[in-house]
$ cat structure-v8.tsv   # TSV, C-alpha atoms and all ligand atoms
chain	number	residue	atom	x	y	z
G	1	MET	CA	22.02	-1.05	-34.34
G	2	THR	CA	21.92	1.85	-31.99
G	3	SER	CA	24.95	2.36	-29.83
G	4	PRO	CA	24.78	0.88	-26.35
G	5	GLU	CA	25.22	4.44	-25.09
G	6	SER	CA	21.71	5.24	-26.26
G	7	SER	CA	19.47	5.74	-23.33
G	8	PRO	CA	15.85	5.69	-24.46
G	9	ASP	CA	14.53	7.42	-21.39
G	10	ALA	CA	17.20	10.03	-20.97
G	11	PRO	CA	16.03	13.37	-22.27
G	12	ALA	CA	19.43	14.51	-23.52
G	13	PRO	CA	22.01	11.75	-23.86
G	14	ALA	CA	25.70	12.43	-24.17
G	15	PRO	CA	27.34	12.02	-27.58
G	16	SER	CA	27.68	8.31	-28.28
G	17	ALA	CA	30.97	6.51	-28.67
G	18	ASP	CA	30.49	5.87	-32.39
G	19	GLY	CA	30.97	9.50	-33.23
G	20	ALA	CA	27.44	10.84	-32.83
G	21	ASP	CA	27.41	14.60	-32.67
G	22	GLU	CA	24.57	15.79	-30.53
G	23	GLY	CA	24.44	19.31	-31.98
G	24	ARG	CA	23.21	20.49	-28.60
G	25	ARG	CA	23.94	23.86	-27.03
G	26	PRO	CA	23.62	24.88	-23.39
G	27	GLU	CA	20.76	27.26	-24.13
G	28	ALA	CA	18.77	24.37	-25.69
G	29	GLU	CA	18.73	22.77	-22.24
G	30	ALA	CA	16.79	25.73	-20.93
G	31	LEU	CA	13.98	25.27	-23.46
G	32	PRO	CA	10.70	23.83	-22.22
G	33	HIS	CA	10.24	20.14	-22.90
G	34	PRO	CA	8.70	19.87	-26.35
G	35	ARG	CA	5.24	18.40	-26.66
G	36	LEU	CA	6.14	17.26	-30.16
G	37	SER	CA	9.37	15.74	-31.46
G	38	VAL	CA	9.83	15.45	-35.20
G	39	VAL	CA	12.46	12.89	-36.23
G	40	ILE	CA	13.80	13.17	-39.76
G	41	PRO	CA	16.52	10.85	-41.06
G	42	ILE	CA	18.69	12.65	-43.60
G	43	TYR	CA	21.27	11.44	-46.09
G	44	ASN	CA	22.93	13.53	-48.80
G	45	GLU	CA	20.22	16.17	-48.62
G	46	GLU	CA	22.20	19.41	-48.98
G	47	LYS	CA	20.02	20.59	-51.86
G	48	ILE	CA	16.72	20.66	-49.98
G	49	LEU	CA	17.68	20.48	-46.29
G	50	GLU	CA	17.74	24.16	-45.41
G	51	ALA	CA	14.52	25.08	-47.22
G	52	ALA	CA	12.70	22.01	-45.89
G	53	VAL	CA	13.75	22.58	-42.27
G	54	THR	CA	13.07	26.33	-42.22
G	55	ASP	CA	9.68	25.79	-43.86
G	56	LEU	CA	8.74	22.98	-41.46
G	57	ARG	CA	9.91	25.05	-38.49
G	58	ASP	CA	7.75	28.01	-39.58
G	59	GLN	CA	4.73	25.75	-39.90
G	60	LEU	CA	5.35	24.16	-36.50
G	61	VAL	CA	5.71	27.59	-34.88
G	62	ALA	CA	2.32	28.49	-36.37
G	63	PHE	CA	0.89	25.16	-35.14
G	64	GLY	CA	1.61	26.35	-31.62
G	65	TRP	CA	2.89	23.31	-29.72
G	66	PRO	CA	6.39	23.39	-28.21
G	67	PHE	CA	8.45	21.23	-30.56
G	68	GLU	CA	11.87	19.97	-31.51
G	69	ILE	CA	13.14	18.80	-34.89
G	70	ILE	CA	15.77	16.05	-34.70
G	71	LEU	CA	17.87	15.62	-37.84
G	72	ALA	CA	19.22	12.07	-37.77
G	73	GLU	CA	22.08	11.86	-40.24
G	74	ASN	CA	24.44	9.09	-41.22
G	75	GLY	CA	26.79	8.46	-44.11
G	76	SER	CA	26.34	11.64	-46.14
G	77	ARG	CA	29.14	12.54	-48.51
G	78	ASP	CA	27.89	16.01	-49.41
G	79	GLY	CA	27.50	19.08	-47.18
G	80	THR	CA	24.54	17.66	-45.21
G	81	VAL	CA	26.38	17.24	-41.88
G	82	ALA	CA	27.67	20.82	-41.79
G	83	LEU	CA	24.34	22.19	-42.95
G	84	ALA	CA	22.41	20.23	-40.31
G	85	ALA	CA	24.83	21.46	-37.63
G	86	SER	CA	24.40	25.06	-38.79
G	87	LEU	CA	20.60	24.71	-38.68
G	88	ALA	CA	20.93	23.38	-35.12
G	89	GLU	CA	23.04	26.43	-34.29
G	90	ARG	CA	20.56	28.81	-35.85
G	91	PHE	CA	17.31	27.43	-34.42
G	92	PRO	CA	16.94	26.43	-30.76
G	93	GLU	CA	14.30	23.85	-31.70
G	94	VAL	CA	16.57	22.00	-34.13
G	95	ARG	CA	19.01	19.28	-33.03
G	96	SER	CA	21.19	17.08	-35.18
G	97	PHE	CA	23.46	14.08	-34.83
G	98	SER	CA	25.56	11.92	-37.14
G	99	LEU	CA	26.23	8.20	-36.82
G	100	GLY	CA	28.68	7.05	-39.48
G	101	GLU	CA	27.59	4.57	-42.17
G	102	PRO	CA	24.42	5.19	-44.22
G	103	ASN	CA	21.58	3.39	-42.43
G	104	TYR	CA	18.04	4.77	-42.46
G	105	GLY	CA	16.75	2.47	-39.71
G	106	LYS	CA	19.65	3.06	-37.36
G	107	ALA	CA	19.28	6.83	-37.71
G	108	MET	CA	15.53	6.69	-37.19
G	109	ARG	CA	15.84	4.43	-34.15
G	110	GLU	CA	18.44	6.65	-32.50
G	111	GLY	CA	16.39	9.75	-33.33
G	112	ILE	CA	13.36	8.22	-31.61
G	113	PHE	CA	15.48	7.43	-28.53
G	114	ARG	CA	16.69	11.03	-28.40
G	115	ALA	CA	13.17	12.45	-28.81
G	116	ARG	CA	11.74	14.06	-25.68
G	117	GLY	CA	8.21	14.95	-26.74
G	118	GLU	CA	4.95	13.42	-25.58
G	119	PHE	CA	4.30	12.76	-29.27
G	120	VAL	CA	6.75	11.85	-32.03
G	121	VAL	CA	6.28	12.34	-35.76
G	122	CYS	CA	8.63	10.39	-38.06
G	123	ASP	CA	8.92	12.34	-41.26
G	124	GLU	CA	11.09	12.43	-44.39
G	125	ILE	CA	12.88	15.54	-45.56
G	126	ASP	CA	11.36	15.35	-49.04
G	127	ILE	CA	7.83	15.20	-47.62
G	128	CYS	CA	7.34	17.31	-44.44
G	129	GLN	CA	3.66	18.00	-44.75
G	130	MET	CA	1.75	19.61	-41.90
G	131	ASP	CA	-1.56	18.18	-43.05
G	132	PHE	CA	-0.44	14.75	-41.81
G	133	TYR	CA	0.79	16.26	-38.51
G	134	ARG	CA	-2.54	17.95	-37.85
G	135	ARG	CA	-4.67	14.90	-38.58
G	136	ALA	CA	-2.37	12.42	-36.84
G	137	LEU	CA	-1.87	14.54	-33.72
G	138	ASP	CA	-5.61	15.07	-33.51
G	139	VAL	CA	-6.10	11.29	-33.34
G	140	LEU	CA	-3.30	10.88	-30.76
G	141	ALA	CA	-4.30	13.83	-28.57
G	142	SER	CA	-7.88	12.58	-28.38
G	143	ASP	CA	-6.46	9.24	-27.23
G	144	GLU	CA	-8.12	7.26	-30.02
G	145	SER	CA	-4.91	5.40	-30.77
G	146	ASP	CA	-1.21	5.39	-29.91
G	147	LEU	CA	0.32	4.96	-33.35
G	148	VAL	CA	-0.88	6.63	-36.53
G	149	ILE	CA	0.42	5.40	-39.87
G	150	GLY	CA	0.19	7.56	-42.95
G	151	SER	CA	-0.89	5.11	-45.65
G	152	LYS	CA	-0.17	5.70	-49.32
G	153	VAL	CA	-2.55	2.88	-50.23
G	154	LEU	CA	-5.66	3.39	-48.11
G	155	GLN	CA	-8.78	4.71	-49.81
G	156	GLY	CA	-8.52	8.50	-49.99
G	157	ALA	CA	-4.71	8.48	-50.25
G	158	SER	CA	-2.96	10.16	-53.12
G	159	ASP	CA	0.45	8.82	-54.05
G	160	GLU	CA	2.04	11.22	-56.51
G	161	ARG	CA	5.24	9.20	-56.81
G	162	PRO	CA	5.94	7.39	-60.11
G	163	MET	CA	3.63	4.43	-60.70
G	164	VAL	CA	6.46	1.92	-60.39
G	165	ARG	CA	7.17	3.08	-56.82
G	166	HIS	CA	3.50	2.87	-55.88
G	167	ALA	CA	3.45	-0.65	-57.32
G	168	ALA	CA	6.58	-1.50	-55.29
G	169	THR	CA	4.79	-0.30	-52.13
G	170	LEU	CA	1.83	-2.58	-52.91
G	171	LEU	CA	4.13	-5.54	-53.59
G	172	PHE	CA	6.23	-4.96	-50.50
G	173	ASN	CA	3.22	-4.73	-48.21
G	174	GLY	CA	1.73	-7.82	-49.85
G	175	LEU	CA	4.96	-9.64	-49.03
G	176	LEU	CA	4.71	-8.51	-45.39
G	177	ARG	CA	1.11	-9.68	-45.21
G	178	VAL	CA	1.90	-13.13	-46.60
G	179	SER	CA	5.15	-13.70	-44.73
G	180	LEU	CA	4.46	-11.98	-41.42
G	181	GLY	CA	0.70	-11.72	-41.14
G	182	PHE	CA	0.79	-7.91	-41.39
G	183	LYS	CA	-2.78	-6.63	-41.30
G	184	GLY	CA	-2.35	-3.02	-42.39
G	185	THR	CA	-1.76	-1.41	-45.77
G	186	ASP	CA	1.55	0.45	-45.37
G	187	THR	CA	4.59	0.51	-43.10
G	188	HIS	CA	6.99	2.99	-44.68
G	189	GLY	CA	6.93	6.75	-44.50
G	190	LEU	CA	4.95	9.04	-42.24
G	191	LYS	CA	4.15	7.96	-38.72
G	192	ALA	CA	3.13	9.61	-35.48
G	193	PHE	CA	2.92	8.09	-32.03
G	194	ARG	CA	2.67	8.63	-28.31
G	195	ARG	CA	6.32	8.17	-27.36
G	196	THR	CA	5.91	6.12	-24.20
G	197	ALA	CA	3.44	3.73	-25.86
G	198	VAL	CA	5.85	2.76	-28.63
G	199	LEU	CA	9.34	2.95	-27.05
G	200	ASP	CA	9.40	-0.70	-25.99
G	201	VAL	CA	8.47	-1.73	-29.52
G	202	VAL	CA	11.36	0.34	-30.91
G	203	ARG	CA	13.75	-1.19	-28.35
G	204	ALA	CA	12.69	-4.67	-29.45
G	205	CYS	CA	13.42	-4.06	-33.14
G	206	LEU	CA	16.34	-6.12	-34.47
G	207	VAL	CA	16.56	-5.18	-38.15
G	208	ASP	CA	17.76	-1.80	-39.34
G	209	LYS	CA	18.23	-0.18	-42.78
G	210	ASP	CA	15.06	0.19	-44.89
G	211	VAL	CA	13.12	-2.50	-43.06
G	212	PHE	CA	13.28	-0.97	-39.56
G	213	ALA	CA	10.05	0.97	-40.20
G	214	SER	CA	8.24	-2.24	-41.15
G	215	GLU	CA	9.52	-4.10	-38.10
G	216	MET	CA	8.36	-1.27	-35.88
G	217	VAL	CA	4.83	-1.30	-37.31
G	218	ILE	CA	4.53	-5.10	-37.35
G	219	ARG	CA	5.84	-5.43	-33.78
G	220	ALA	CA	3.45	-2.71	-32.66
G	221	GLU	CA	0.57	-4.56	-34.33
G	222	ARG	CA	1.54	-7.87	-32.74
G	223	GLY	CA	2.11	-6.21	-29.38
G	224	GLY	CA	-1.41	-4.78	-29.24
G	225	VAL	CA	-0.52	-1.10	-29.68
G	226	ARG	CA	-3.61	0.83	-30.75
G	227	ILE	CA	-2.93	1.62	-34.41
G	228	ARG	CA	-4.85	3.81	-36.83
G	229	GLU	CA	-4.03	4.21	-40.50
G	230	ILE	CA	-4.94	7.46	-42.18
G	231	PRO	CA	-4.66	8.20	-45.91
G	232	VAL	CA	-1.90	10.59	-46.96
G	233	ARG	CA	-1.02	12.60	-50.01
G	234	ILE	CA	2.59	11.97	-50.94
G	235	HIS	CA	4.23	14.60	-53.04
G	236	GLU	CA	8.02	14.32	-52.90
G	237	LYS	CA	10.20	17.41	-53.25
G	238	ARG	CA	12.73	15.36	-55.25
G	239	PRO	CA	13.16	11.79	-56.50
G	240	PRO	CA	14.75	9.34	-54.00
G	241	SER	CA	18.54	9.30	-53.86
G	242	ILE	CA	18.83	5.54	-54.41
G	243	ASN	CA	17.31	3.89	-57.48
G	244	LEU	CA	14.38	1.60	-56.64
G	245	PHE	CA	15.83	-1.41	-58.45
G	246	LYS	CA	19.20	-1.08	-56.71
G	247	ARG	CA	17.37	-1.26	-53.39
G	248	VAL	CA	15.53	-4.51	-54.12
G	249	PRO	CA	18.28	-7.06	-53.19
G	250	ASN	CA	18.98	-5.35	-49.87
G	251	VAL	CA	15.32	-4.97	-49.03
G	252	LEU	CA	14.68	-8.66	-49.76
G	253	LYS	CA	17.67	-9.66	-47.63
G	254	ASN	CA	16.37	-7.51	-44.78
G	255	VAL	CA	12.83	-8.88	-45.12
G	256	GLY	CA	14.44	-12.31	-44.68
G	257	LYS	CA	16.12	-11.05	-41.52
G	258	LEU	CA	12.81	-9.59	-40.39
G	259	PHE	CA	11.11	-12.93	-40.91
G	260	VAL	CA	13.71	-14.62	-38.70
G	261	ALA	CA	13.54	-11.79	-36.12
G	262	ILE	CA	9.76	-11.98	-35.79
G	263	ARG	CA	8.79	-15.56	-36.63
G	264	VAL	CA	11.80	-17.36	-35.13
G	265	ARG	CA	13.17	-15.11	-32.39
G	266	GLY	CA	9.81	-13.55	-31.58
T	301	LIG	N1	20.09	8.96	-41.92
T	301	LIG	C1	19.76	8.43	-43.11
T	301	LIG	N2	18.68	8.91	-43.77
T	301	LIG	C2	18.37	8.36	-44.98
T	301	LIG	C3	19.13	7.30	-45.55
T	301	LIG	N3	18.57	6.99	-46.76
T	301	LIG	C4	17.51	7.83	-46.92
T	301	LIG	N4	17.40	8.67	-45.85
T	301	LIG	C5	16.41	9.70	-45.61
T	301	LIG	O1	15.14	9.07	-45.58
T	301	LIG	C6	14.14	9.90	-46.15
T	301	LIG	C7	13.48	9.18	-47.33
T	301	LIG	O2	14.47	8.89	-48.32
T	301	LIG	P1	14.15	8.85	-49.88
T	301	LIG	O3	15.47	8.87	-50.58
T	301	LIG	O4	13.18	9.93	-50.22
T	301	LIG	O5	13.52	7.42	-50.12
T	301	LIG	P2	11.98	6.95	-50.12
T	301	LIG	O6	11.59	6.69	-48.70
T	301	LIG	O7	11.96	5.72	-50.93
T	301	LIG	O8	11.18	8.05	-50.73
T	301	LIG	C8	14.85	11.19	-46.54
T	301	LIG	O9	14.68	12.12	-45.49
T	301	LIG	C9	16.29	10.75	-46.71
T	301	LIG	O10	17.22	11.79	-46.53
T	301	LIG	C10	20.28	6.82	-44.81
T	301	LIG	O11	21.01	5.92	-45.22
T	301	LIG	N5	20.52	7.41	-43.60
T	302	MG	MG	11.22	10.06	-50.74
$ encode --input "structure-v8.tsv" --output "structure tokens" --more "lines below"
Ligand SMILES: Nc1nc2c(ncn2[C@@H]2O[C@H](COP(=O)(O)OP(=O)(O)O)[C@@H](O)[C@H]2O)c(=O)[nH]1
Ligand SMILES: [Mg+2]
Amino acid sequence: MTSPESSPDAPAPAPSADGADEGRRPEAEALPHPRLSVVIPIYNEEKILEAAVTDLRDQLVAFGWPFEIILAENGSRDGTVALAASLAERFPEVRSFSLGEPNYGKAMREGIFRARGEFVVCDEIDICQMDFYRRALDVLASDESDLVIGSKVLQGASDERPMVRHAATLLFNGLLRVSLGFKGTDTHGLKAFRRTAVLDVVRACLVDKDVFASEMVIRAERGGVRIREIPVRIHEKRPPSINLFKRVPNVLKNVGKLFVAIRVRG
């Protein structure tokens, strides 16, 4: 889980004791508080990181809101850490940190705690599509809901991933519905939220790795956060780094932990 040094309300925490590298420069302090924070967990992404970040940054500049992009890395064995740090050097809006072992949920959680914007978008480096940002931020800014989930399953969605991965999404969400009473259609992938409305939910999450995103959505649902699902088009820039079938045992183990965390510990 996130280091105890994490301070969810502090705008710019000090590097944490487990080796997190804030990638923060003095001039970044002088920037206006962003209205939008984009949190992107990254792991072994040296091939697409630079192009994805520069392209996303250009699109966010054109969008017009003050923003920051937080690259939440852990466990990479390629050049991702150095590349993320150099992007943080090059662009004042980009920050990066590293937290040791590979762990998607831990990186995402810490990234959310470090976010300073009124709104947060949780993205993935192989997706980064502004169409979701525009539609989700429109819903949030008009105060229609506090958490927007990009669903790959909802009517109108277009999931361009291989069929077997779409089927796995359907199965996984079916499992969450049966075991945990989940009412929505998707928990993984793109999300946007009003930061202050969801921070307590993120603090309460107990399970990390792949299942963190599901715990966050299910806890938000159970906690009465106003949620809206919108259909998304998912076109990945590359196949996932870890084979779907290799992920299954860990995901099942973590769903078990999630069941205990939500049904037993509450
Ligand atoms: N920090 C961190 N990011 C990860 C980890 N595993 C995957 N990611 C990132 O999570 C996002 C989605 O990963 P991907 O491999 O495309 O899996 P998918 O969600 O099944 O499509 C990408 O931005 C990855 O770089 C991890 O262990 N740690
Ligand atoms: Mg992917």
$ closest_residue --input "structure-v8.tsv" --among "G:Val211, G:Val164, G:Ala51, G:Ala72" --to "ligand LIG 301 (chain T)" --atoms "all atoms listed in the file"
G:Ala72
$ residues_around --input "structure-v8.tsv" --residues "Asp159 in chain G" --least-positions-apart "4" --cutoff "8 Å" --atoms "all atoms listed in the file" --output "list in words"
Lys152, Val153, His166, Val232, Arg233, Ile234 and His235 of chain G
$ axis_aligned_box --input "structure-v8.tsv" --around "ligand LIG 301 (chain T)" --padding-each-side "6 Å" --output "JSON"
{"center_x": 16.1, "center_y": 8.9, "center_z": -46.4, "size_x": 21.8, "size_y": 18.4, "size_z": 21.0}
$ closest_residue --input "structure-v8.tsv" --among "G:Leu180, G:Ile48, G:Leu60, G:Val148" --to "ligand MG 302 (chain T)" --atoms "only C-alpha atoms and all ligand atoms"
G:Ile48
$ closest_residue --input "structure-v8.tsv" --among "G:Asp210, G:Asp58, G:Glu144, G:Asp126" --to "ligand MG 302 (chain T)" --atoms "only C-alpha atoms and all ligand atoms"
G:Asp126
$ closest_atom_pairs --input "structure-v8.tsv" --of "chain G" --to "ligand MG 302 (chain T)" --cutoff "9 Å" --atoms "all atoms listed in the file" --output "Markdown table"
| residue | atom | partner | partner_atom | distance |
| --- | --- | --- | --- | --- |
| G:Glu124 | CA | T:MG302 | MG | 6.8 |
| G:Ile125 | CA | T:MG302 | MG | 7.7 |
| G:Asp126 | CA | T:MG302 | MG | 5.6 |
| G:Ile127 | CA | T:MG302 | MG | 6.9 |
| G:Arg161 | CA | T:MG302 | MG | 8.6 |
| G:Gly189 | CA | T:MG302 | MG | 8.3 |
| G:Ile234 | CA | T:MG302 | MG | 8.8 |
| G:His235 | CA | T:MG302 | MG | 8.6 |
| G:Glu236 | CA | T:MG302 | MG | 5.7 |
| G:Lys237 | CA | T:MG302 | MG | 7.8 |
| G:Arg238 | CA | T:MG302 | MG | 7.1 |
| G:Pro239 | CA | T:MG302 | MG | 6.3 |
| G:Pro240 | CA | T:MG302 | MG | 4.9 |
| G:Ser241 | CA | T:MG302 | MG | 8.0 |
$ write_last_selection --input "structure-v8.tsv" --atoms "C-alpha atoms" --output "compact mmCIF listing (two decimals), in the frame of the given file"
# COMPACT_ATOMS: atom_id res chain seq x y z
CA GLU G 124 11.09 12.43 -44.39
CA ILE G 125 12.88 15.54 -45.56
CA ASP G 126 11.36 15.35 -49.04
CA ILE G 127 7.83 15.20 -47.62
CA ARG G 161 5.24 9.20 -56.81
CA GLY G 189 6.93 6.75 -44.50
CA ILE G 234 2.59 11.97 -50.94
CA HIS G 235 4.23 14.60 -53.04
CA GLU G 236 8.02 14.32 -52.90
CA LYS G 237 10.20 17.41 -53.25
CA ARG G 238 12.73 15.36 -55.25
CA PRO G 239 13.16 11.79 -56.50
CA PRO G 240 14.75 9.34 -54.00
CA SER G 241 18.54 9.30 -53.86
$ closest_residue --input "structure-v8.tsv" --among "G:Glu73, G:Ile230, G:Arg57, G:Lys209" --to "Arg247 in chain G" --atoms "all atoms listed in the file"
G:Lys209
$ residues_near_point --input "structure-v8.tsv" --point "(14.8, 20.4, -36.0)" --cutoff "10 Å" --atoms "only C-alpha atoms" --output "ChimeraX atom specification"
/G:37-40,53-54,56-57,67-72,84,87-88,91-96
$ write_last_selection --input "structure-v8.tsv" --atoms "C-alpha atoms" --output "PDB file, in the coordinates of the input"
ATOM      1  CA  SER G  37       9.370  15.740 -31.460  1.00  0.00           C
ATOM      2  CA  VAL G  38       9.830  15.450 -35.200  1.00  0.00           C
ATOM      3  CA  VAL G  39      12.460  12.890 -36.230  1.00  0.00           C
ATOM      4  CA  ILE G  40      13.800  13.170 -39.760  1.00  0.00           C
ATOM      5  CA  VAL G  53      13.750  22.580 -42.270  1.00  0.00           C
ATOM      6  CA  THR G  54      13.070  26.330 -42.220  1.00  0.00           C
ATOM      7  CA  LEU G  56       8.740  22.980 -41.460  1.00  0.00           C
ATOM      8  CA  ARG G  57       9.910  25.050 -38.490  1.00  0.00           C
ATOM      9  CA  PHE G  67       8.450  21.230 -30.560  1.00  0.00           C
ATOM     10  CA  GLU G  68      11.870  19.970 -31.510  1.00  0.00           C
ATOM     11  CA  ILE G  69      13.140  18.800 -34.890  1.00  0.00           C
ATOM     12  CA  ILE G  70      15.770  16.050 -34.700  1.00  0.00           C
ATOM     13  CA  LEU G  71      17.870  15.620 -37.840  1.00  0.00           C
ATOM     14  CA  ALA G  72      19.220  12.070 -37.770  1.00  0.00           C
ATOM     15  CA  ALA G  84      22.410  20.230 -40.310  1.00  0.00           C
ATOM     16  CA  LEU G  87      20.600  24.710 -38.680  1.00  0.00           C
ATOM     17  CA  ALA G  88      20.930  23.380 -35.120  1.00  0.00           C
ATOM     18  CA  PHE G  91      17.310  27.430 -34.420  1.00  0.00           C
ATOM     19  CA  PRO G  92      16.940  26.430 -30.760  1.00  0.00           C
ATOM     20  CA  GLU G  93      14.300  23.850 -31.700  1.00  0.00           C
ATOM     21  CA  VAL G  94      16.570  22.000 -34.130  1.00  0.00           C
ATOM     22  CA  ARG G  95      19.010  19.280 -33.030  1.00  0.00           C
ATOM     23  CA  SER G  96      21.190  17.080 -35.180  1.00  0.00           C
TER      24      SER G  96
END
$ closest_residue --input "structure-v8.tsv" --among "G:Gly174, G:Gly181, G:Pro32, G:Gly224" --to "Ala197 in chain G" --atoms "all atoms listed in the file"
G:Gly224
$ atom_distance --input "structure-v8.tsv" --atom1 "CA of Val251 in chain G" --atom2 "CA of Ile218 in chain G"
15.9 Å
$ residues_around --input "structure-v8.tsv" --residues "Asn254 in chain G" --least-positions-apart "6" --cutoff "12 Å" --atoms "all atoms listed in the file" --output "VMD selection string"
chain G and resid 105 172 176 206 to 215 247 to 248 260 to 261
$ closest_residue --input "structure-v8.tsv" --among "G:Leu49, G:Val264, G:Met108, G:Ala204" --to "Val121 in chain G" --atoms "all atoms listed in the file"
G:Met108
$ atom_distance --input "structure-v8.tsv" --atom1 "CA of Leu190 in chain G" --atom2 "CA of Glu110 in chain G"
16.8 Å
$ atom_distance --input "structure-v8.tsv" --atom1 "CA of Ser76 in chain G" --atom2 "CA of Met130 in chain G"
26.2 Å
$ residues_around --input "structure-v8.tsv" --residues "Leu147 in chain G" --least-positions-apart "2" --cutoff "7 Å" --atoms "only C-alpha atoms" --output "list in words"
Ser145, Ile149, Ala192, Phe193, Arg194, Arg226, Ile227 and Arg228 of chain G
